[in-house]
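Notes to accompany the following structure.
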Amino acid sequence: MGATHLPSTEFDGTAIDDQLEADAEAAMGEPPAQMVQLLGPDGKLGTDPVYSEYAQKLDAAKLRGLYADMAAIRRFDVEATALQRQGQLALWVPLTGQEAAQIGSGRASQPQDYIFPTYREHGVALTRNVDLAELLRQFRGVSNGGWNPKDTNFHLYTLVLAAQTLHAVGYAMGIQRDQKLAATSDPARTEPAAAVIAYYGDGASSEGDVHESMVFASSFNAPVVFFCQNNHWAISVPSTVQTRIPLSNRAKGYGFPGVRVDGNDVIAVHAVTEWALDHARQGKGPVLIEAFTYRVGAHTTADDPTKYRQSAEEDSWRAKDPLTRLEKYLRAEGLADDSFFAKVKADGDELAAYVRRTTHDLETPDIRTAFANTYVEAHPLVAEELAWFEEYSAGFAGDESSEEADKEAGNR
Amino acid sequence: MTTMTIAKAINEGLRAALNNNPKSLLMGEDIGPLGGVYRVTDGLIAEFGPERVVDTPLAESGIIGTAIGLALRGYSPVCEIQFDGFVFPGFNQITTQLAKMHARSNGNLTVPVVIRIPYGGGIGSVEHHSESPEALFAHTAGLRIITPSNPHDAYWMIQQAVECQDPIIIFEPKRRYWLKGDVDVQAAGAAGDPFKAHVLREGSDATIVAYGPLVPVALAAANAAAEDGRSVEVIDLRSLSPIDFDTVTTSVEKTGRLIVAHEAPTFGGLGGEIAARISERAFLSLEAPVIRVGGFHMPYPVAKVEEDYLPDIDRILEALDRALAY
């Protein structure tokens with residue numbers, strides 16, 4: 001990456017997008033991807049020949065629910081960031097700016113679908129009923145996971161970029177086989193068709209595993225939806241360094257549909273994802289969705305965006321804020337009033353208080369659980385090392401009481 | 001009891017596994033109509049169909065990564081990697097994902113994936129077709145590693161691997177694929193414990209530990225030593241993770257001397273781990289330092305000189321002489 005990739009001081013917020021598409025055209029005559037948008041930054045609802053049908057299924061209650069989810073997860077994000085700053089979390093991965101991409105897609109999934117997140121999908125976790133305090137276990141340093149994926153069909157976070165996209169395809173291949181086995185063993189039994197969503201980012205799109213997962217998904221027509229949140233920055237490297245064409249266009253090369261959706265438009269994201277999941281569940285194969293969005297904050301609490309991007313860019317994306325535009329729409333259509341928004345705020349504060357309270361109480365595990373979970377079946381080396389550890393630890397048993405006695409003596 | 005080659009024994013073992021477990025399936029490049037580059041999966045696609053014998057795209061990370069996903073959905077995939085040196089594109093999936101999934105899920109998830117890797121040299125092949133990378137995997141907690149040296153073990157170990165709930169890598173000694181031997185396919189209990197070492201030959205003067213392709217070499221060396229009046233015990237390790245140190249310790253307590261032989265480079269190899277453990281466990285029984293016989297610290301050399309690289313009978317006998325000289 002060279003300095004030419006960094007936004008200039010004249011950067012106006014659309015420069016990257018324009019450059020991306022200009023590059024694409026210059027490189028290969030690639031037409032720019034049409035971006036599906038239903039709810040604009042002005043809060044006005046437009047139409048789309050394919051996706052309006054899906055959007056119409058969102059009644060007033062569901063729309064209010066989408067807003068409440070987005071507000072809740074943003075409030076959670078603020079609280080988790082604060083907890084990290086106060087030393088209660090080792091690290092935090094903020095999602096602010098990406099609420100619509102996550103809530104819209106997560107709410108479009110059904111309970112039988114299985115989700116493979118990367119490590120920023122706190123909003124998707126919320127839609128899958130993962131206890132958000134449990135989600136903090138990893139960042140608190142008391143677990144490498146924190147929840148049982150079997151309870152919610154929401155897999156553990158994966159820190160090795162893109163590894164989970166292959167797991168998603170394999171899981172989807174398992175769904176295909178399950179359907180055939182079920183049809184063979186009991187034709188009368190009907191279970192809802194299922195699909196898989198694999199989340200990843202524009203940075204991860206450069207990893208080989210994403211490529212291999214798309215080859216496998218296409219070759220085996222697996223029921224999987226690849227959901228790329230293009231938040232424009234892979235830590236400090238802009239998306240222009242990851243790709244010269246819109247990421248959604250890549251799907252064509254693998255032989256399945258790719259859709260670019262306004263990732264800050266929760267209605268469009270919900271509609272496109274619902275369509276894609278239907279497509280996959282019906283046996284029509286994989287879909288790639290590129291949610292065009294923006295990470296407003298840092299990559300994690302360890303980096304500093306002021307070192308690699310202009311505040312004007314962030315400001316321009318704040319103008320496209322997913323919560324603000326839905327609030328405008330709900331108010332303009334008379335679907336929600338002040339009392340609704342006040343309640344959402346109160347609920348958010350309550351969630352934040354719960355998370356703060358429970359984070360402090362997250363139990364530090366005994367290292368014996370790590371001995372127990374390295375292998376499923378008995379393992380002599382683990383048993384030997386555990387036995388040594390027990391004997392070694394027992395050697396300190398007397399020391400604690402003598403320390404206490406010393407303390408007491410000192411107090412006297 | 002029936003006689004077959006190691007390749008055929010694995011083929012029969014896979015057939016049995018596919019019959020016994022409806023959720024088992026095979027994945028790999030060229031394993032379908034071709035039957036694998038070594039024909040180990042010959043005929044299985046005709047019998048079980050392409051859903052259970054899956055010819056995959058040419059992508060090792062893809063094979064192992066999708067196998068992990070299938071395992072998460074309740075399947076028991078058996079992946080074939082064509083050659084040892086080609087496992088590295090899948091190394092990330094094996095070491096960062098497969099090995100750790102059970103631990104990081106606090107025991108909630110299991111990924112019973114089997115990875116078959118033909119390994120070792122001696123077949124006069126080209127670069128990346130003759131390596132012994134087992135130590136790289138044995139160093140990773142969460143994996144189990146086994147390596148058969150004869151058809152009976154090959155037949156049973158592959159089936160036991162499929163049934164095991166932990167991820168397992170089977171390193172198959174490719175230059176022994178055509179080695180024939182008796183396989184007891186029926187007797188109850190014929191399988192034995194796949195993670196236990198076997199004493200193949202009893203002796204009192206020294207112990208040779210070997211595994212996979214070097215087991216026949218170790219036995220031949222022991223026979224040659226016997227002609228010189230030396231009584232050498234030979235142990236087939238069979239499992240490289242975990243390692244059955246109890247069997248090795250018992251033997252060394254009897255013989256007082258230990259030689260560990262493997263094809264992998266000596267430096268950082270499993271021979272060093274065995275030497276260190278035995279030094280801790282049986283120091284007072286040792287009459288000589290544990291001596292390692294292995295490959296040199298170089299990329300696996302070109303085929304025309306691999307005979308100079310691979311441990312052979314003479315290299316083991318030389319080590320034996322050194323041990324007995326103390």
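Every chain in the structure tokens takes a letter, A first, then B, and so on in the order presented; its residues are numbered from 1, and the ligands are numbered from 1 following the presented order.
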Q) Excluding same-chain residues fewer than 3 positions from stretch 87-104 of chain A, what lies within 8 Å of it counting only C-alpha atoms, as a ChimeraX atom specification? A) /A:66,69-70,73-74,77,80-81,83-84,107-108,119-124,126-127,136,139-141,229,231,263-270,273,291,293-302,318,321-323,359-360
Selection file, N, CA and C atoms, as a compact mmCIF listing (two decimals), in the first residue's frame:
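That gives us part_5.txt:
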# COMPACT_ATOMS: atom_id res chain seq x y z
N LEU A 66 -36.97 -3.62 14.39
CA LEU A 66 -35.65 -3.44 13.77
C LEU A 66 -34.97 -2.22 14.37
N ASP A 69 -33.81 -3.01 17.93
CA ASP A 69 -32.60 -3.87 17.93
C ASP A 69 -31.36 -3.04 17.61
N MET A 70 -31.49 -2.19 16.60
CA MET A 70 -30.32 -1.39 16.21
C MET A 70 -29.90 -0.45 17.35
N ILE A 73 -28.23 -2.51 20.20
CA ILE A 73 -26.87 -3.00 19.97
C ILE A 73 -25.89 -1.82 19.92
N ARG A 74 -26.36 -0.68 19.50
CA ARG A 74 -25.47 0.49 19.53
C ARG A 74 -25.19 0.88 20.98
N ASP A 77 -22.78 -1.47 22.35
CA ASP A 77 -21.44 -1.19 21.79
C ASP A 77 -20.75 -0.08 22.59
N ALA A 80 -19.74 -1.53 25.96
CA ALA A 80 -18.59 -2.43 25.88
C ALA A 80 -17.30 -1.64 25.65
N THR A 81 -17.40 -0.60 24.84
CA THR A 81 -16.22 0.25 24.62
C THR A 81 -15.79 0.89 25.93
N LEU A 83 -16.37 -0.25 28.90
CA LEU A 83 -15.81 -1.31 29.77
C LEU A 83 -14.36 -1.60 29.40
N GLN A 84 -14.07 -1.56 28.11
CA GLN A 84 -12.68 -1.80 27.71
C GLN A 84 -11.79 -0.67 28.20
N ARG A 107 -32.19 -10.63 11.39
CA ARG A 107 -33.65 -10.78 11.55
C ARG A 107 -34.28 -11.46 10.33
N ALA A 108 -33.58 -11.49 9.22
CA ALA A 108 -34.11 -12.18 8.04
C ALA A 108 -33.90 -13.69 8.12
N TYR A 119 -16.01 -11.71 13.95
CA TYR A 119 -15.84 -11.33 15.37
C TYR A 119 -16.48 -9.99 15.70
N ARG A 120 -17.27 -9.46 14.77
CA ARG A 120 -17.87 -8.15 15.00
C ARG A 120 -19.39 -8.24 14.94
N GLU A 121 -19.94 -9.43 14.87
CA GLU A 121 -21.37 -9.55 14.58
C GLU A 121 -22.22 -9.55 15.85
N HIS A 122 -21.99 -8.56 16.69
CA HIS A 122 -22.74 -8.47 17.94
C HIS A 122 -24.23 -8.26 17.65
N GLY A 123 -24.53 -7.53 16.59
CA GLY A 123 -25.93 -7.29 16.24
C GLY A 123 -26.61 -8.56 15.77
N VAL A 124 -25.89 -9.36 15.01
CA VAL A 124 -26.46 -10.64 14.57
C VAL A 124 -26.68 -11.52 15.79
N LEU A 126 -27.39 -10.62 18.73
CA LEU A 126 -28.62 -10.16 19.40
C LEU A 126 -29.85 -10.78 18.74
N THR A 127 -29.88 -10.80 17.42
CA THR A 127 -31.05 -11.33 16.72
C THR A 127 -31.18 -12.85 16.92
N LEU A 136 -19.44 -11.32 25.82
CA LEU A 136 -18.27 -10.59 26.31
C LEU A 136 -17.23 -11.49 26.95
N PHE A 139 -13.89 -11.41 25.27
CA PHE A 139 -13.17 -10.14 25.39
C PHE A 139 -12.76 -9.86 26.84
N ARG A 140 -13.41 -10.52 27.75
CA ARG A 140 -13.07 -10.42 29.16
C ARG A 140 -11.87 -11.34 29.49
N GLY A 141 -11.63 -12.29 28.58
CA GLY A 141 -10.51 -13.20 28.80
C GLY A 141 -10.84 -14.38 29.70
N GLN A 229 -19.71 -7.76 4.85
CA GLN A 229 -19.91 -6.37 5.29
C GLN A 229 -18.70 -5.58 4.84
N ASN A 231 -17.09 -2.69 5.17
CA ASN A 231 -17.10 -1.49 6.02
C ASN A 231 -15.95 -0.55 5.66
N GLY A 263 -25.84 -1.11 2.94
CA GLY A 263 -25.73 -1.74 4.25
C GLY A 263 -26.18 -0.88 5.40
N ASN A 264 -26.53 0.38 5.13
CA ASN A 264 -27.07 1.24 6.19
C ASN A 264 -28.59 1.37 6.09
N ASP A 265 -29.15 0.58 5.19
CA ASP A 265 -30.60 0.58 4.97
C ASP A 265 -31.13 -0.76 5.47
N VAL A 266 -31.68 -0.74 6.68
CA VAL A 266 -32.07 -2.01 7.32
C VAL A 266 -33.19 -2.71 6.55
N ILE A 267 -34.05 -1.91 5.91
CA ILE A 267 -35.16 -2.53 5.18
C ILE A 267 -34.63 -3.28 3.95
N ALA A 268 -33.72 -2.64 3.24
CA ALA A 268 -33.16 -3.29 2.05
C ALA A 268 -32.33 -4.50 2.43
N VAL A 269 -31.53 -4.37 3.49
CA VAL A 269 -30.70 -5.51 3.92
C VAL A 269 -31.60 -6.69 4.29
N HIS A 270 -32.68 -6.40 5.03
CA HIS A 270 -33.59 -7.47 5.42
C HIS A 270 -34.19 -8.13 4.19
N THR A 273 -31.55 -10.15 2.13
CA THR A 273 -31.12 -11.36 2.83
C THR A 273 -32.23 -12.41 2.84
N ALA A 291 -22.87 -5.96 1.70
CA ALA A 291 -23.53 -4.86 2.39
C ALA A 291 -22.56 -3.69 2.43
N THR A 293 -21.33 -0.61 3.66
CA THR A 293 -21.55 0.10 4.92
C THR A 293 -20.25 0.75 5.37
N TYR A 294 -20.20 1.12 6.61
CA TYR A 294 -19.01 1.83 7.09
C TYR A 294 -18.82 1.60 8.58
N ARG A 295 -17.58 1.31 8.92
CA ARG A 295 -17.22 1.19 10.34
C ARG A 295 -16.88 2.59 10.82
N VAL A 296 -17.79 3.16 11.61
CA VAL A 296 -17.62 4.55 12.02
C VAL A 296 -16.48 4.71 13.02
N GLY A 297 -16.32 3.72 13.88
CA GLY A 297 -15.28 3.82 14.90
C GLY A 297 -14.01 3.12 14.47
N ALA A 298 -13.25 2.72 15.47
CA ALA A 298 -11.98 2.03 15.23
C ALA A 298 -12.25 0.57 14.85
N HIS A 299 -11.22 -0.06 14.29
CA HIS A 299 -11.33 -1.50 14.02
C HIS A 299 -11.51 -2.24 15.34
N THR A 300 -10.61 -1.97 16.26
CA THR A 300 -10.79 -2.42 17.64
C THR A 300 -10.33 -1.27 18.53
N THR A 301 -10.49 -1.48 19.81
CA THR A 301 -10.06 -0.44 20.74
C THR A 301 -8.54 -0.28 20.73
N ALA A 302 -7.84 -1.12 19.97
CA ALA A 302 -6.38 -1.02 19.92
C ALA A 302 -5.87 -0.10 18.82
N ARG A 318 -21.65 9.34 8.68
CA ARG A 318 -22.62 9.58 9.77
C ARG A 318 -23.91 10.15 9.21
N ASP A 321 -26.49 7.55 8.53
CA ASP A 321 -26.69 6.70 9.71
C ASP A 321 -27.95 5.84 9.62
N PRO A 322 -27.81 4.56 9.88
CA PRO A 322 -28.95 3.64 9.73
C PRO A 322 -30.08 3.88 10.72
N LEU A 323 -29.73 4.32 11.93
CA LEU A 323 -30.81 4.56 12.91
C LEU A 323 -31.58 5.83 12.59
N THR A 359 -20.78 -8.39 33.49
CA THR A 359 -19.38 -8.49 33.08
C THR A 359 -18.47 -8.61 34.31
N HIS A 360 -18.74 -7.81 35.28
CA HIS A 360 -17.94 -7.86 36.50
C HIS A 360 -18.03 -9.23 37.16
| Counting only C-alpha atoms, chain A residues within 9 Å of chain B, as a VMD selection string | chain A and resid 143 to 150 156 158 160 163 to 175 177 to 178 208 to 209 212 to 213 215 to 216 219 369 to 377 379 to 381
query: B:Leu237: which residues within 7 Å, counting only C-alpha atoms, same-chain residues fewer than 2 positions away excluded, as a list in words?
result: Ala197, His198, Val209, Ala210, Tyr211, Ile235, Ser239 and Leu240 of chain B
Practice item. Might you pull out every residue within 12 Å of B:Glu273, with only C-alpha atoms counted and same-chain residues fewer than 5 positions away left off, and present them as a ChimeraX atom specification? Key: /B:135,138-139,240-243,245,260,266-268,278-280,290-292
With N, CA, C and O atoms kept, could you save the residues just selected as a PDB file, in the first residue's frame?
ATOM      1  N   ALA B 135       5.882 -34.139  13.020  1.00  0.00           N
ATOM      2  CA  ALA B 135       6.163 -33.400  14.267  1.00  0.00           C
ATOM      3  C   ALA B 135       5.441 -32.059  14.308  1.00  0.00           C
ATOM      4  O   ALA B 135       5.066 -31.579  15.372  1.00  0.00           O
ATOM      5  N   ALA B 138       2.098 -33.079  15.582  1.00  0.00           N
ATOM      6  CA  ALA B 138       2.134 -33.652  16.933  1.00  0.00           C
ATOM      7  C   ALA B 138       2.311 -32.553  17.979  1.00  0.00           C
ATOM      8  O   ALA B 138       1.879 -32.695  19.121  1.00  0.00           O
ATOM      9  N   HIS B 139       2.906 -31.448  17.581  1.00  0.00           N
ATOM     10  CA  HIS B 139       3.126 -30.338  18.504  1.00  0.00           C
ATOM     11  C   HIS B 139       1.832 -29.581  18.802  1.00  0.00           C
ATOM     12  O   HIS B 139       1.791 -28.757  19.707  1.00  0.00           O
ATOM     13  N   LEU B 240       1.554 -41.320  17.349  1.00  0.00           N
ATOM     14  CA  LEU B 240       2.543 -40.246  17.549  1.00  0.00           C
ATOM     15  C   LEU B 240       1.987 -39.128  18.422  1.00  0.00           C
ATOM     16  O   LEU B 240       2.709 -38.247  18.854  1.00  0.00           O
ATOM     17  N   SER B 241       0.701 -39.109  18.616  1.00  0.00           N
ATOM     18  CA  SER B 241       0.072 -38.197  19.573  1.00  0.00           C
ATOM     19  C   SER B 241      -1.283 -38.777  19.962  1.00  0.00           C
ATOM     20  O   SER B 241      -2.180 -38.781  19.126  1.00  0.00           O
ATOM     21  N   PRO B 242      -1.429 -39.310  21.146  1.00  0.00           N
ATOM     22  CA  PRO B 242      -0.402 -39.383  22.189  1.00  0.00           C
ATOM     23  C   PRO B 242       0.654 -40.441  21.882  1.00  0.00           C
ATOM     24  O   PRO B 242       0.402 -41.320  21.057  1.00  0.00           O
ATOM     25  N   ILE B 243       1.792 -40.335  22.549  1.00  0.00           N
ATOM     26  CA  ILE B 243       2.825 -41.365  22.447  1.00  0.00           C
ATOM     27  C   ILE B 243       2.731 -42.262  23.674  1.00  0.00           C
ATOM     28  O   ILE B 243       2.565 -41.774  24.799  1.00  0.00           O
ATOM     29  N   PHE B 245       4.355 -43.702  26.069  1.00  0.00           N
ATOM     30  CA  PHE B 245       5.657 -43.708  26.749  1.00  0.00           C
ATOM     31  C   PHE B 245       5.789 -44.866  27.740  1.00  0.00           C
ATOM     32  O   PHE B 245       6.900 -45.277  28.057  1.00  0.00           O
ATOM     33  N   VAL B 260      15.990 -44.241  18.639  1.00  0.00           N
ATOM     34  CA  VAL B 260      14.730 -43.835  18.018  1.00  0.00           C
ATOM     35  C   VAL B 260      15.016 -43.521  16.553  1.00  0.00           C
ATOM     36  O   VAL B 260      15.903 -42.728  16.248  1.00  0.00           O
ATOM     37  N   THR B 266      16.063 -35.019  12.068  1.00  0.00           N
ATOM     38  CA  THR B 266      16.318 -35.307  13.484  1.00  0.00           C
ATOM     39  C   THR B 266      16.030 -34.094  14.361  1.00  0.00           C
ATOM     40  O   THR B 266      15.390 -34.212  15.406  1.00  0.00           O
ATOM     41  N   PHE B 267      16.482 -32.928  13.915  1.00  0.00           N
ATOM     42  CA  PHE B 267      16.331 -31.717  14.728  1.00  0.00           C
ATOM     43  C   PHE B 267      14.851 -31.350  14.884  1.00  0.00           C
ATOM     44  O   PHE B 267      14.141 -31.152  13.901  1.00  0.00           O
ATOM     45  N   GLY B 268      14.422 -31.266  16.113  1.00  0.00           N
ATOM     46  CA  GLY B 268      13.029 -30.898  16.372  1.00  0.00           C
ATOM     47  C   GLY B 268      12.043 -31.999  16.067  1.00  0.00           C
ATOM     48  O   GLY B 268      10.827 -31.773  16.100  1.00  0.00           O
ATOM     49  N   ILE B 278      12.160 -40.174  27.949  1.00  0.00           N
ATOM     50  CA  ILE B 278      12.751 -41.396  28.499  1.00  0.00           C
ATOM     51  C   ILE B 278      13.898 -41.041  29.445  1.00  0.00           C
ATOM     52  O   ILE B 278      14.108 -41.706  30.464  1.00  0.00           O
ATOM     53  N   SER B 279      14.598 -39.957  29.145  1.00  0.00           N
ATOM     54  CA  SER B 279      15.651 -39.527  30.067  1.00  0.00           C
ATOM     55  C   SER B 279      15.060 -39.139  31.422  1.00  0.00           C
ATOM     56  O   SER B 279      15.648 -39.403  32.464  1.00  0.00           O
ATOM     57  N   GLU B 280      13.868 -38.525  31.384  1.00  0.00           N
ATOM     58  CA  GLU B 280      13.216 -38.152  32.637  1.00  0.00           C
ATOM     59  C   GLU B 280      12.670 -39.361  33.382  1.00  0.00           C
ATOM     60  O   GLU B 280      12.735 -39.446  34.599  1.00  0.00           O
ATOM     61  N   VAL B 290      20.213 -41.683  24.839  1.00  0.00           N
ATOM     62  CA  VAL B 290      19.280 -42.079  23.780  1.00  0.00           C
ATOM     63  C   VAL B 290      19.837 -41.548  22.459  1.00  0.00           C
ATOM     64  O   VAL B 290      20.244 -40.381  22.379  1.00  0.00           O
ATOM     65  N   ILE B 291      19.874 -42.396  21.458  1.00  0.00           N
ATOM     66  CA  ILE B 291      20.446 -41.990  20.173  1.00  0.00           C
ATOM     67  C   ILE B 291      19.347 -41.905  19.120  1.00  0.00           C
ATOM     68  O   ILE B 291      18.517 -42.813  18.997  1.00  0.00           O
ATOM     69  N   ARG B 292      19.370 -40.794  18.407  1.00  0.00           N
ATOM     70  CA  ARG B 292      18.356 -40.589  17.364  1.00  0.00           C
ATOM     71  C   ARG B 292      18.937 -40.885  15.986  1.00  0.00           C
ATOM     72  O   ARG B 292      20.076 -40.513  15.701  1.00  0.00           O
TER      73      ARG B 292
END
Every residue of stretch 91-297 of chain B that DSSP places in alpha helix (DSSP H), as number ranges by chain:
B: 91-92, 101-104, 134-138, 151-163, 215-227, 245-255, 270-282
| task | Could you give me, as an NGL selection string, each residue of stretch 195-360 of chain A that DSSP assigns to strand (DSSP E or B) when run on this structure's backbone? | result | :A and (196-201 or 224-230 or 233-234 or 237-238 or 258-262 or 287-292)
So which residues touch B:Asp312 within 10 Å, counting only C-alpha atoms, skipping near sequence neighbours fewer than 5 positions away, as a PyMOL selection string?
chain B and resi 214+216-218+220-221+261-263+293-294+307+317
Which one of B:Val183, B:Met298, B:Phe86, B:Lys254 sits closest to B:Asn150 if you count only C-alpha atoms?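 Once distances to B:Asn150 are computed over only C-alpha atoms, the minimum belongs to B:Val183.
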- Query: Could you state the separation of atom CA of B:Leu286 and atom CA of B:Pro133 in Å, given to one decimal place?
  - Reply: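 Between atom CA of B:Leu286 and atom CA of B:Pro133 the gap is 29.1 Å.
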